[in-house]
file coords-v4.cif (mmCIF, C-alpha atoms)
data_input
loop_
_atom_site.label_atom_id
_atom_site.label_comp_id
_atom_site.auth_asym_id
_atom_site.auth_seq_id
_atom_site.Cartn_x
_atom_site.Cartn_y
_atom_site.Cartn_z
CA MET T 14 20.11 26.71 -8.32
CA ALA T 15 18.72 23.20 -8.48
CA ASP T 16 15.02 22.82 -7.78
CA VAL T 17 14.89 20.09 -5.11
CA HIS T 18 11.68 18.24 -4.25
CA LEU T 19 11.65 16.12 -1.10
CA PRO T 20 9.32 13.28 -0.06
CA GLY T 21 6.51 13.94 2.36
CA THR T 22 7.90 11.30 4.72
CA LEU T 23 11.02 13.42 5.30
CA THR T 24 9.62 16.82 6.18
CA PRO T 25 7.96 15.87 9.52
CA LEU T 26 11.33 14.77 10.84
CA PHE T 27 13.04 18.17 10.60
CA ALA T 28 11.59 21.44 11.85
CA GLY T 29 11.07 23.93 9.03
CA LEU T 30 12.14 21.59 6.24
CA PRO T 31 9.99 22.40 3.18
CA ARG T 32 8.93 19.95 0.48
CA ARG T 33 10.57 22.12 -2.19
CA LEU T 34 13.66 24.29 -2.02
CA ASP T 35 16.46 25.76 -4.13
CA VAL T 36 19.95 24.43 -3.58
CA ASP T 37 23.17 25.65 -5.15
CA ALA T 38 25.14 22.42 -5.59
CA GLY T 39 27.28 20.65 -8.18
CA THR T 40 26.13 17.09 -7.49
CA VAL T 41 23.37 15.23 -5.70
CA ASP T 42 25.86 14.50 -2.92
CA ASP T 43 26.63 18.22 -2.58
CA ALA T 44 22.96 19.06 -2.44
CA ILE T 45 22.37 16.58 0.38
CA ALA T 46 25.44 17.90 2.19
CA GLN T 47 23.99 21.40 2.06
CA LEU T 48 20.67 20.22 3.42
CA GLU T 49 22.53 18.37 6.16
CA GLN T 50 24.17 21.62 7.25
CA GLN T 51 20.84 23.26 7.85
CA TRP T 52 19.00 20.17 9.09
CA PRO T 53 21.52 17.92 10.89
CA GLY T 54 20.67 14.26 10.58
CA LEU T 55 18.94 14.60 7.22
CA ARG T 56 21.76 12.90 5.36
CA ASP T 57 21.31 9.80 7.53
CA ARG T 58 17.69 9.56 6.44
CA LEU T 59 18.62 9.48 2.75
CA CYS T 60 22.01 7.76 2.65
CA GLU T 61 23.65 4.62 3.95
CA PRO T 62 27.31 4.25 4.87
CA GLY T 63 29.35 3.84 1.78
CA PRO T 64 28.01 6.33 1.11
CA SER T 65 25.13 5.50 -1.18
CA LEU T 66 21.47 6.35 -1.38
CA ARG T 67 19.27 4.15 0.79
CA THR T 68 17.72 1.24 -1.06
CA HIS T 69 14.24 2.71 -1.17
CA ILE T 70 15.30 6.30 -1.73
CA HIS T 71 15.35 7.06 -5.43
CA VAL T 72 16.67 10.32 -6.82
CA TYR T 73 15.89 11.65 -10.27
CA VAL T 74 17.74 14.55 -11.89
CA ASP T 75 15.77 16.02 -14.75
CA ARG T 76 13.67 12.82 -14.79
CA GLU T 77 16.70 10.52 -15.10
CA ARG T 78 17.56 8.10 -12.27
CA ALA T 79 20.56 9.52 -10.40
CA THR T 80 23.23 8.58 -7.91
CA LEU T 81 25.08 10.67 -5.37
CA ALA T 82 27.67 11.45 -8.04
CA THR T 83 25.22 12.74 -10.61
CA GLN T 84 26.03 16.27 -11.75
CA LEU T 85 23.51 19.04 -11.35
CA GLU T 86 22.99 21.81 -13.86
CA PRO T 87 22.12 25.29 -12.58
CA ARG T 88 18.43 24.73 -13.32
CA SER T 89 18.18 20.98 -12.69
CA ARG T 90 15.07 19.57 -11.13
CA VAL T 91 15.90 17.01 -8.42
CA ASP T 92 13.14 14.69 -7.24
CA VAL T 93 13.81 12.64 -4.12
CA ILE T 94 11.30 9.80 -3.94
CA ALA T 95 10.49 7.40 -1.11
CA ALA T 96 9.91 4.40 -3.35
CA ILE T 97 8.46 0.93 -2.97
CA SER T 98 7.65 -0.13 0.53
CA GLY T 99 4.60 -2.32 0.41
CA GLY T 100 1.59 -1.92 2.69
CA MET A 27 -3.61 8.23 41.80
CA PRO A 28 -0.99 6.27 39.88
CA LYS A 29 -1.13 6.23 36.13
CA THR A 30 -0.65 3.06 34.07
CA ILE A 31 0.77 3.43 30.59
CA LEU A 32 1.18 0.73 27.99
CA LEU A 33 3.77 1.44 25.31
CA VAL A 34 2.73 -0.42 22.18
CA GLY A 35 5.16 -0.70 19.27
CA THR A 36 3.47 -1.50 15.97
CA ARG A 37 4.20 -1.80 12.27
CA LYS A 38 2.75 1.69 11.90
CA GLY A 39 4.12 3.68 14.79
CA CYS A 40 3.99 3.74 18.57
CA PHE A 41 0.76 3.98 20.56
CA LEU A 42 0.21 4.78 24.23
CA LEU A 43 -2.70 3.21 26.11
CA GLU A 44 -3.43 4.89 29.42
CA SER A 45 -5.38 3.99 32.51
CA ASP A 46 -5.32 4.53 36.25
CA ALA A 47 -4.40 2.04 38.97
CA ASP A 48 -7.67 0.16 38.48
CA ARG A 49 -6.65 -0.67 34.91
CA ARG A 50 -10.26 -1.14 33.78
CA SER A 51 -10.81 1.80 31.45
CA TRP A 52 -8.24 2.67 28.81
CA THR A 53 -7.68 5.48 26.34
CA THR A 54 -5.46 5.29 23.27
CA ARG A 55 -3.12 7.94 21.87
CA GLY A 56 -1.09 7.67 18.67
CA PRO A 57 0.21 6.76 16.23
CA PHE A 58 3.49 8.40 17.11
CA CYS A 59 6.93 8.28 15.44
CA GLU A 60 5.45 9.34 12.10
CA GLY A 61 4.12 5.85 11.57
CA TRP A 62 7.57 4.28 11.35
CA PRO A 63 7.66 0.57 12.16
CA VAL A 64 8.47 0.42 15.88
CA TYR A 65 10.07 -2.80 17.05
CA HIS A 66 10.37 -1.98 20.74
CA ALA A 67 9.14 0.95 22.83
CA ILE A 68 10.19 1.35 26.46
CA HIS A 69 9.87 3.78 29.36
CA ASP A 70 12.95 4.69 31.38
CA ASP A 71 11.43 4.87 34.85
CA SER A 72 14.42 6.78 36.19
CA THR A 73 14.10 9.70 33.76
CA GLY A 74 10.54 9.43 32.49
CA THR A 75 11.69 9.28 28.88
CA ILE A 76 10.04 7.02 26.32
CA PHE A 77 12.32 5.46 23.71
CA ALA A 78 11.22 3.66 20.57
CA ALA A 79 13.48 1.58 18.32
CA ALA A 80 12.26 2.09 14.79
CA ALA A 81 13.37 1.26 11.29
CA SER A 82 11.83 2.94 8.28
CA GLU A 83 12.12 1.15 4.96
CA TRP A 84 12.80 4.51 3.42
CA HIS A 85 14.77 6.45 5.99
CA GLY A 86 16.68 3.80 7.92
CA SER A 87 16.96 3.04 11.60
CA ALA A 88 16.70 5.47 14.49
CA VAL A 89 15.69 5.77 18.11
CA TRP A 90 12.74 8.06 18.76
CA ARG A 91 12.35 9.62 22.18
CA SER A 92 9.76 11.62 24.06
CA THR A 93 10.39 13.33 27.38
CA ASP A 94 6.75 14.39 27.84
CA LEU A 95 4.91 11.08 27.64
CA GLY A 96 4.34 11.22 23.93
CA GLU A 97 3.31 14.84 23.46
CA THR A 98 6.42 15.60 21.40
CA TRP A 99 8.98 13.31 19.78
CA THR A 100 12.45 13.61 18.29
CA LEU A 101 14.62 11.02 16.65
CA SER A 102 18.32 10.37 16.44
CA SER A 103 20.56 7.88 14.74
CA GLU A 104 23.74 9.85 15.35
CA GLY A 105 26.43 7.26 15.91
CA ILE A 106 24.22 4.24 15.22
CA ALA A 107 26.33 2.88 12.38
CA TYR A 108 29.19 0.48 12.00
CA ASP A 109 32.56 1.75 10.82
CA GLU A 110 32.38 1.74 7.04
CA SER A 111 35.84 0.18 6.79
CA THR A 112 34.60 -3.01 8.48
CA GLY A 113 31.98 -3.68 5.83
CA ARG A 114 29.56 -4.55 8.62
CA LYS A 115 26.03 -3.42 7.81
CA LEU A 116 23.42 -2.20 10.24
CA SER A 117 20.00 -3.13 8.92
CA LYS A 118 17.74 -2.55 11.90
CA VAL A 119 17.56 -1.36 15.49
CA SER A 120 15.56 -4.06 17.17
CA THR A 121 15.60 -3.78 20.96
CA LEU A 122 16.17 -1.28 23.76
CA ALA A 123 17.04 -1.14 27.43
CA ALA A 124 17.42 2.04 29.47
CA ARG A 125 18.14 3.22 32.96
CA ASP A 126 19.37 6.47 34.51
CA GLY A 127 19.66 8.16 31.15
CA ARG A 128 21.79 5.44 29.62
CA VAL A 129 20.23 3.72 26.62
CA LEU A 130 21.37 0.42 25.14
CA VAL A 131 20.32 -0.38 21.59
CA GLY A 132 20.51 -3.89 20.13
CA VAL A 133 20.89 -4.01 16.37
CA GLU A 134 21.32 -6.23 13.30
CA ALA A 135 24.06 -7.28 12.44
CA PRO A 136 24.68 -8.23 16.07
CA GLY A 137 25.88 -5.32 18.14
CA ILE A 138 24.93 -3.04 20.98
CA PHE A 139 25.17 0.73 20.84
CA GLU A 140 24.89 2.97 23.89
CA SER A 141 23.85 6.51 24.57
CA LYS A 142 25.02 8.35 27.65
CA ASP A 143 23.15 11.56 26.88
CA GLY A 144 19.60 10.36 26.99
CA GLY A 145 19.35 9.19 23.40
CA GLU A 146 20.78 12.20 21.57
CA THR A 147 23.97 10.49 20.39
CA PHE A 148 25.18 6.90 20.35
CA SER A 149 28.41 4.96 20.10
CA LEU A 150 29.24 1.31 19.54
CA LEU A 151 29.61 -0.59 22.81
CA THR A 152 30.16 -4.14 21.60
CA THR A 153 29.74 -6.60 18.78
CA LEU A 154 30.33 -9.58 21.09
CA VAL A 155 33.46 -10.28 19.11
CA GLY A 156 35.37 -13.44 19.93
CA GLN A 157 32.43 -15.58 21.00
CA PRO A 158 32.62 -19.30 20.18
CA GLY A 159 32.22 -19.78 16.46
CA SER A 160 31.52 -16.14 15.78
CA ASP A 161 33.82 -16.16 12.77
CA GLY A 162 31.21 -18.40 11.22
CA TRP A 163 27.87 -17.25 12.60
CA ASP A 164 28.71 -13.57 12.51
CA ASP A 165 29.66 -13.74 8.84
CA PRO A 166 26.82 -12.19 6.82
CA ALA A 167 27.39 -14.79 4.12
CA ASN A 168 26.37 -17.52 6.56
CA GLN A 169 23.29 -15.85 7.96
CA PRO A 170 19.72 -16.74 7.18
CA PRO A 171 17.27 -14.35 5.50
CA GLY A 172 16.27 -11.64 7.93
CA HIS A 173 19.78 -11.46 9.32
CA LEU A 174 20.98 -12.20 12.82
CA GLY A 175 20.78 -9.54 15.44
CA ILE A 176 20.61 -8.71 19.09
CA SER A 177 16.99 -9.50 19.76
CA ALA A 178 16.88 -8.60 23.45
CA ILE A 179 18.90 -6.99 26.23
CA ALA A 180 18.11 -7.69 29.89
CA LEU A 181 19.60 -5.43 32.57
CA ASP A 182 20.70 -6.38 36.04
CA LYS A 183 18.59 -4.44 38.51
CA ASP A 184 21.55 -3.15 40.53
CA ASP A 185 24.79 -3.51 38.57
CA SER A 186 24.85 -1.33 35.47
CA SER A 187 27.92 -3.12 34.09
CA ARG A 188 26.10 -6.44 34.05
CA PHE A 189 23.53 -7.41 31.45
CA TRP A 190 22.46 -10.20 29.16
CA ALA A 191 22.01 -10.16 25.41
CA ILE A 192 20.33 -12.63 23.09
CA VAL A 193 21.88 -13.19 19.69
CA GLN A 194 19.08 -14.46 17.52
CA GLY A 195 19.52 -18.14 16.74
CA ILE A 196 22.86 -18.30 18.57
CA GLY A 197 22.11 -17.98 22.26
CA LEU A 198 22.25 -16.01 25.47
CA PHE A 199 25.37 -14.15 26.57
CA GLU A 200 26.23 -12.36 29.81
CA THR A 201 28.63 -9.54 30.43
CA THR A 202 29.74 -8.38 33.87
CA ASP A 203 32.15 -5.72 32.64
CA ASP A 204 29.88 -3.50 30.59
CA GLY A 205 30.27 -5.35 27.34
CA SER A 206 34.04 -5.73 27.29
CA SER A 207 33.80 -9.50 27.58
CA TRP A 208 30.96 -11.98 27.25
CA THR A 209 30.21 -15.49 28.44
CA PRO A 210 27.73 -17.83 26.73
CA ARG A 211 24.94 -18.83 29.15
CA ASN A 212 23.32 -21.72 27.33
CA ARG A 213 24.32 -24.77 29.34
CA GLY A 214 21.48 -27.25 29.61
CA LEU A 215 19.46 -25.81 26.75
CA ARG A 216 18.13 -28.07 24.03
CA ALA A 217 18.60 -27.68 20.28
CA ASP A 218 17.01 -29.92 17.68
CA TRP A 219 19.57 -29.11 15.02
CA PRO A 220 23.31 -29.62 14.48
CA ARG A 221 25.57 -27.21 16.30
CA PRO A 222 29.23 -26.80 15.41
CA HIS A 223 30.09 -25.38 18.84
CA GLU A 224 29.20 -26.76 22.24
CA GLU A 225 28.37 -23.44 23.87
CA VAL A 226 26.29 -21.74 21.20
CA GLY A 227 23.74 -22.47 18.49
CA PHE A 228 20.59 -22.19 20.61
CA CYS A 229 17.45 -20.36 19.60
CA VAL A 230 16.64 -18.25 22.63
CA HIS A 231 13.47 -16.25 22.13
CA LYS A 232 12.92 -14.45 25.42
CA VAL A 233 14.64 -14.31 28.80
CA VAL A 234 13.01 -12.80 31.88
CA ARG A 235 14.61 -12.34 35.27
CA ALA A 236 12.43 -13.26 38.26
CA ASP A 237 14.92 -12.34 40.99
CA ASP A 238 18.66 -12.25 41.69
CA ALA A 239 19.13 -15.92 40.87
CA ARG A 240 16.21 -17.06 38.77
CA LEU A 241 15.71 -16.62 35.06
CA TYR A 242 12.99 -18.01 32.83
CA GLN A 243 13.42 -18.58 29.14
CA GLN A 244 11.08 -19.24 26.24
CA ASN A 245 13.16 -21.02 23.67
CA HIS A 246 12.36 -22.15 20.14
CA VAL A 247 12.37 -25.61 21.66
CA GLY A 248 10.97 -25.52 25.14
CA MET A 249 10.54 -23.50 28.29
CA HIS A 250 13.53 -23.41 30.59
CA ARG A 251 14.37 -22.17 34.08
CA SER A 252 17.67 -21.24 35.64
CA ASP A 253 18.16 -21.01 39.39
CA ASP A 254 21.79 -19.92 39.17
CA ASP A 255 21.45 -16.76 37.14
CA GLY A 256 21.73 -18.39 33.76
CA HIS A 257 24.76 -20.57 34.42
CA THR A 258 22.68 -23.74 33.90
CA TRP A 259 19.20 -24.33 32.56
CA THR A 260 16.52 -26.94 33.28
CA GLU A 261 13.69 -27.62 30.85
CA ILE A 262 10.18 -27.06 32.24
CA THR A 263 8.10 -27.62 29.10
CA GLU A 264 6.07 -30.55 30.43
CA GLY A 265 2.45 -29.55 30.91
CA LEU A 266 2.46 -26.91 28.18
CA PRO A 267 0.56 -27.62 24.95
CA THR A 268 3.56 -26.79 22.75
CA GLU A 269 7.23 -26.13 23.30
CA PHE A 270 7.18 -23.07 21.06
CA GLY A 271 6.39 -19.44 21.77
CA PHE A 272 7.93 -16.01 21.88
CA ALA A 273 6.59 -13.89 24.73
CA ALA A 274 7.09 -14.43 28.45
CA ALA A 275 6.62 -12.53 31.71
CA ALA A 276 7.72 -13.10 35.29
CA HIS A 277 5.54 -12.17 38.27
CA PRO A 278 7.18 -9.19 40.01
CA HIS A 279 6.50 -10.42 43.55
CA ASP A 280 6.48 -14.21 43.31
CA ARG A 281 9.55 -15.90 41.85
CA ASP A 282 7.65 -19.13 41.16
CA THR A 283 4.96 -17.52 39.00
CA PHE A 284 5.58 -17.07 35.33
CA TYR A 285 3.53 -16.62 32.13
CA VAL A 286 3.99 -17.74 28.54
CA VAL A 287 1.98 -17.79 25.32
CA PRO A 288 2.41 -21.17 23.62
CA LEU A 289 2.11 -21.00 19.84
CA ASP A 290 1.91 -23.39 16.93
CA PRO A 291 5.58 -24.03 16.07
CA GLY A 292 4.87 -24.49 12.34
CA HIS A 293 4.13 -21.82 9.80
CA GLY A 294 1.13 -20.50 11.70
CA ARG A 295 2.81 -19.39 14.91
CA THR A 296 -0.57 -18.56 16.34
CA MET A 297 -2.35 -19.69 19.48
CA LEU A 298 -3.41 -23.30 19.25
CA ASP A 299 -6.65 -24.42 17.63
CA GLY A 300 -7.95 -20.86 17.49
CA HIS A 301 -8.40 -20.74 21.29
CA ALA A 302 -6.61 -17.85 22.97
CA ALA A 303 -4.78 -18.55 26.19
CA VAL A 304 -1.93 -17.36 28.35
CA TRP A 305 -0.39 -20.17 30.36
CA GLN A 306 0.71 -19.74 33.94
CA THR A 307 2.91 -21.66 36.32
CA LYS A 308 2.81 -20.90 40.05
CA ASP A 309 5.36 -23.52 41.01
CA ALA A 310 8.35 -22.57 38.87
CA GLY A 311 7.33 -24.76 35.97
CA SER A 312 6.34 -27.98 37.73
CA SER A 313 2.79 -27.50 36.49
CA TRP A 314 0.99 -25.18 34.08
CA LYS A 315 -2.57 -24.02 33.59
CA PRO A 316 -4.25 -22.03 30.82
CA LEU A 317 -5.82 -18.65 31.59
CA ARG A 318 -8.68 -18.12 29.16
CA SER A 319 -11.41 -16.14 30.90
CA GLY A 320 -12.34 -13.21 28.70
CA LEU A 321 -10.05 -14.24 25.85
CA PRO A 322 -11.63 -15.25 22.51
CA GLN A 323 -12.14 -19.00 22.19
CA ASN A 324 -13.44 -19.28 18.63
CA ASP A 325 -11.36 -18.69 15.51
CA ALA A 326 -8.84 -16.65 17.46
CA TRP A 327 -5.66 -17.20 15.44
CA LEU A 328 -3.59 -14.79 17.44
CA GLY A 329 0.16 -14.42 17.30
CA VAL A 330 2.17 -12.78 20.07
CA LEU A 331 5.74 -11.74 19.37
CA ARG A 332 8.81 -11.76 21.59
CA GLU A 333 8.38 -8.37 23.24
CA ALA A 334 4.61 -8.26 23.09
CA MET A 335 3.73 -9.30 26.65
CA ALA A 336 4.31 -7.28 29.81
CA ILE A 337 3.44 -7.36 33.48
CA ASP A 338 3.15 -4.36 35.76
CA SER A 339 4.40 -3.84 39.32
CA TYR A 340 1.17 -3.32 41.31
CA ASP A 341 0.58 -5.51 44.38
CA VAL A 342 -1.87 -7.46 42.24
CA PRO A 343 -0.02 -7.27 38.93
CA GLY A 344 -1.69 -6.59 35.62
CA LEU A 345 -0.75 -8.62 32.59
CA TYR A 346 -0.90 -7.40 28.99
CA PHE A 347 -0.26 -8.78 25.53
CA GLY A 348 -0.53 -7.45 21.99
CA THR A 349 -1.14 -9.51 18.89
CA SER A 350 0.19 -9.52 15.38
CA THR A 351 -3.36 -8.68 14.29
CA GLY A 352 -3.53 -5.51 16.36
CA GLN A 353 -5.48 -6.38 19.49
CA VAL A 354 -4.32 -5.60 23.04
CA PHE A 355 -5.67 -7.72 25.88
CA ALA A 356 -5.31 -6.74 29.54
CA SER A 357 -5.83 -8.43 32.86
CA ALA A 358 -5.85 -6.53 36.15
CA ASP A 359 -5.85 -9.70 38.23
CA GLU A 360 -2.69 -11.60 37.33
CA GLY A 361 -4.25 -13.16 34.26
CA GLU A 362 -7.37 -14.63 35.86
CA SER A 363 -9.68 -12.53 33.69
CA TRP A 364 -9.06 -10.57 30.52
CA SER A 365 -10.58 -7.82 28.44
CA GLU A 366 -9.75 -6.48 25.01
CA ILE A 367 -8.59 -2.87 25.39
CA ALA A 368 -7.62 -2.17 21.76
CA THR A 369 -9.00 -3.87 18.69
CA TYR A 370 -7.78 -2.27 15.53
CA LEU A 371 -4.17 -1.29 16.03
CA PRO A 372 -1.58 -2.17 13.37
CA PRO A 373 0.33 -5.44 13.85
CA ILE A 374 1.97 -5.27 17.28
CA SER A 375 5.68 -5.88 17.83
CA SER A 376 6.02 -4.90 21.47
CA VAL A 377 4.12 -4.10 24.65
CA GLU A 378 5.74 -2.61 27.73
CA VAL A 379 4.10 -1.15 30.79
CA ALA A 380 5.02 1.75 33.06
CA VAL A 381 3.41 2.72 36.36
CA LEU A 382 3.77 6.41 37.14
CA PRO A 383 3.19 7.70 40.68
#
call {"tool": "encode", "arguments": {"input": "coords-v4.cif", "output": "C-alpha cells"}}
result
Amino acid sequence: MADVHLPGTLTPLFAGLPRRLDVDAGTVDDAIAQLEQQWPGLRDRLCEPGPSLRTHIHVYVDRERATLATQLEPRSRVDVIAAISGG
Amino acid sequence: MPKTILLVGTRKGCFLLESDADRRSWTTRGPFCEGWPVYHAIHDDSTGTIFAAAASEWHGSAVWRSTDLGETWTLSSEGIAYDESTGRKLSKVSTLAARDGRVLVGVEAPGIFESKDGGETFSLLTTLVGQPGSDGWDDPANQPPGHLGISAIALDKDDSSRFWAIVQGIGLFETTDDGSSWTPRNRGLRADWPRPHEEVGFCVHKVVRADDARLYQQNHVGMHRSDDDGHTWTEITEGLPTEFGFAAAAHPHDRDTFYVVPLDPGHGRTMLDGHAAVWQTKDAGSSWKPLRSGLPQNDAWLGVLREAMAIDSYDVPGLYFGTSTGQVFASADEGESWSEIATYLPPISSVEVAVLP
C-alpha cells in the first residue's frame, strides 16, 4: 500500500476525500485511477490530456519528483503538491 | 418583494451581493467556489441555477454551479476538453451563457462547449472552424501571450439556435444554426493594425444587444452601433474621452440609452485622470455625458473589465460595476447617483445581476 498525501485544495472538491489514504497501485497513474473510481472527476483536477500531470501539480514518490509513470513500491510515500501559484 | 442579486466573479472566488427592489442596502456572501479564480458568474433565470466559469492554476478549468443561490456548490469539467488527437489545448473557461438548462461555455483555445443537463456534463459544440484566416489565427504558434479565446457569448432572446461569439482579437461571429456555421459580423469596424483578411482581425471587447435590431459594441478602438443586428457597424466614439474600454451595458427599456466605461488605452487601463465615471448616451451615441455623482473623483485609478458591468430589469434600472481593485459601485437610478456597496473584494472579473420575484 502506498501512503498517499493529497493537497488541501483538492479535498473540498470531493465529498469524503481525506488528505491521506492508502492506495494499492503499481504507478502514480494507477493510484490516480483508483482515486478516480471512488471520486469521479478527481483525475481531471490533477491531470491534463496527454495525459500528464497539470503544470502546477507536482508529485513526489519517496521524496523524488515523479511522473505518472513512476513506479510505486508497496510502502512508497506519495506526496501530491499544489505548487507555485503566486498571490 | 423582489430580490436583487449581484453575481461577482473575482480572482478569489465568487461572491453574491443581495438587496431588495430598493437596491439601497446590500449584504455580501462568499467567497464561493473554494476561492478559485472566477472569470464569469451568471444566473440562469429560467432554472434559478448559478454558474461560474473558473480556472484554478492547480486544478484546471471547470464550471461551478449552485441550484440554491449559493448555499451549496458543485463543479464539473466532464467533457470540457479537446480531443487529445487534435493537439488543441484548453487553457481556460472564460465565459458563460445559459437558458432553459442549456449552458454554453466559451474557452481558450477558441471553442464553445455546451451542456444540456444543467451543467453536469459538457460536449464540444464548435471551434468556429473554417472562418476567414483561421488556419493562421487559430494556430497556437501564431497567438499572442495569454492565448486567444472565446471571450463572450451573446444569446438571441427568442431563437436558441442563434447567438454571437467574440473571438478575442479576431472579431464578432454570428451563428443561426446552433454553431454549425458562422458568419463574421465586423463590417464597418475600425482596426488600427494590419489585417490579412477583410472580414476579421478586429478587437471586439464587448457586444450588448439593445433590441431585435440594435447592438452596441465597445471595441479596442472605438464605440460602435449596429442597427441591422450586427450586419454593419457605425462608429459612435465622438464625445467620449477615449476610444478604449471594456465594459458596456444597454438600457433594458430604451434602445437609445447605453453605458460605457472609458479607460486609458495605454498600460494603465484605468479610468482617466483618477476621476471615476460611467458615460451614458441617451440618443444612440450622438452625444455622451459622464455620470459621476457618488463616484470617487480623486486618485481613483479604477479598472473595469469586459464582464464587470451589469444593468438590471426594473422599471428604473439599476446599474452596477466592479473594479480590478475590488470595489463594487451601484446605482438604483440609471446611473444618476452611485454608492460603493463593496470595498475590499478581490480583483473583480465579472458582475451580473439577477432579479428574483
call {"tool": "resolve_selection", "arguments": {"input": "coords-v4.cif", "expression": "the PyMOL selection byres ((chain T) within 12 of (chain A))", "output": "JSON, numbers by chain"}}
result
{"T": [20, 21, 22, 23, 24, 25, 26, 27, 28, 53, 54, 55, 56, 57, 58, 59, 60, 61, 62, 63, 64, 65, 66, 67, 68, 69, 70, 71, 93, 94, 95, 96, 97, 98, 99, 100]}
call {"tool": "resolve_selection", "arguments": {"input": "coords-v4.cif", "expression": "the PyMOL selection byres ((chain A and resi 380) around 7)", "output": "ChimeraX atom specification"}}
result
/A:30-32,69,338,378-379,381-382
call {"tool": "resolve_selection", "arguments": {"input": "coords-v4.cif", "expression": "the PyMOL selection byres ((chain A and resi 197-213) around 7)", "output": "ChimeraX atom specification"}}
result
/A:151-152,154,187-196,214-215,225-230,256-259
call {"tool": "atom_distance", "arguments": {"input": "coords-v4.cif", "atom1": "atom CA of His223 of chain A", "atom2": "atom CA of Ile176 of chain A"}}
result
19.2 Å
call {"tool": "residues_around", "arguments": {"input": "coords-v4.cif", "residues": "segment 367-370 of chain A", "least_positions_apart": "4", "cutoff": "10 Å", "atoms": "only C-alpha atoms", "output": "ChimeraX atom specification"}}
result
/A:43,49-54,346,348-349,351-357
call {"tool": "residues_around", "arguments": {"input": "coords-v4.cif", "residues": "Thr268 of chain A", "least_positions_apart": "5", "cutoff": "7 Å", "atoms": "only C-alpha atoms", "output": "ChimeraX atom specification"}}
result
/A:288-290
call {"tool": "write_last_selection", "arguments": {"input": "coords-v4.cif", "atoms": "C-alpha atoms", "output": "mmCIF file, keeping the file's coordinate frame"}}
result
data_model
loop_
_atom_site.group_PDB
_atom_site.id
_atom_site.type_symbol
_atom_site.label_atom_id
_atom_site.label_comp_id
_atom_site.auth_asym_id
_atom_site.auth_seq_id
_atom_site.Cartn_x
_atom_site.Cartn_y
_atom_site.Cartn_z
ATOM 1 C CA PRO A 288 2.410 -21.170 23.620
ATOM 2 C CA LEU A 289 2.110 -21.000 19.840
ATOM 3 C CA ASP A 290 1.910 -23.390 16.930
#
call {"tool": "residues_around", "arguments": {"input": "coords-v4.cif", "residues": "Asp238 of chain A", "least_positions_apart": "4", "cutoff": "9 Å", "atoms": "all atoms listed in the file", "output": "CSV table (one decimal) with C-alpha atoms, keeping the file's coordinate frame"}}
result
chain,number,residue,atom,x,y,z
A,182,ASP,CA,20.7,-6.4,36.0
A,183,LYS,CA,18.6,-4.4,38.5
A,254,ASP,CA,21.8,-19.9,39.2
A,255,ASP,CA,21.4,-16.8,37.1
call {"tool": "residues_around", "arguments": {"input": "coords-v4.cif", "residues": "Met14 of chain T", "least_positions_apart": "4", "cutoff": "9 Å", "atoms": "only C-alpha atoms", "output": "JSON, numbers by chain"}}
result
{"T": [35, 36, 37, 38, 85, 86, 87, 88, 89]}
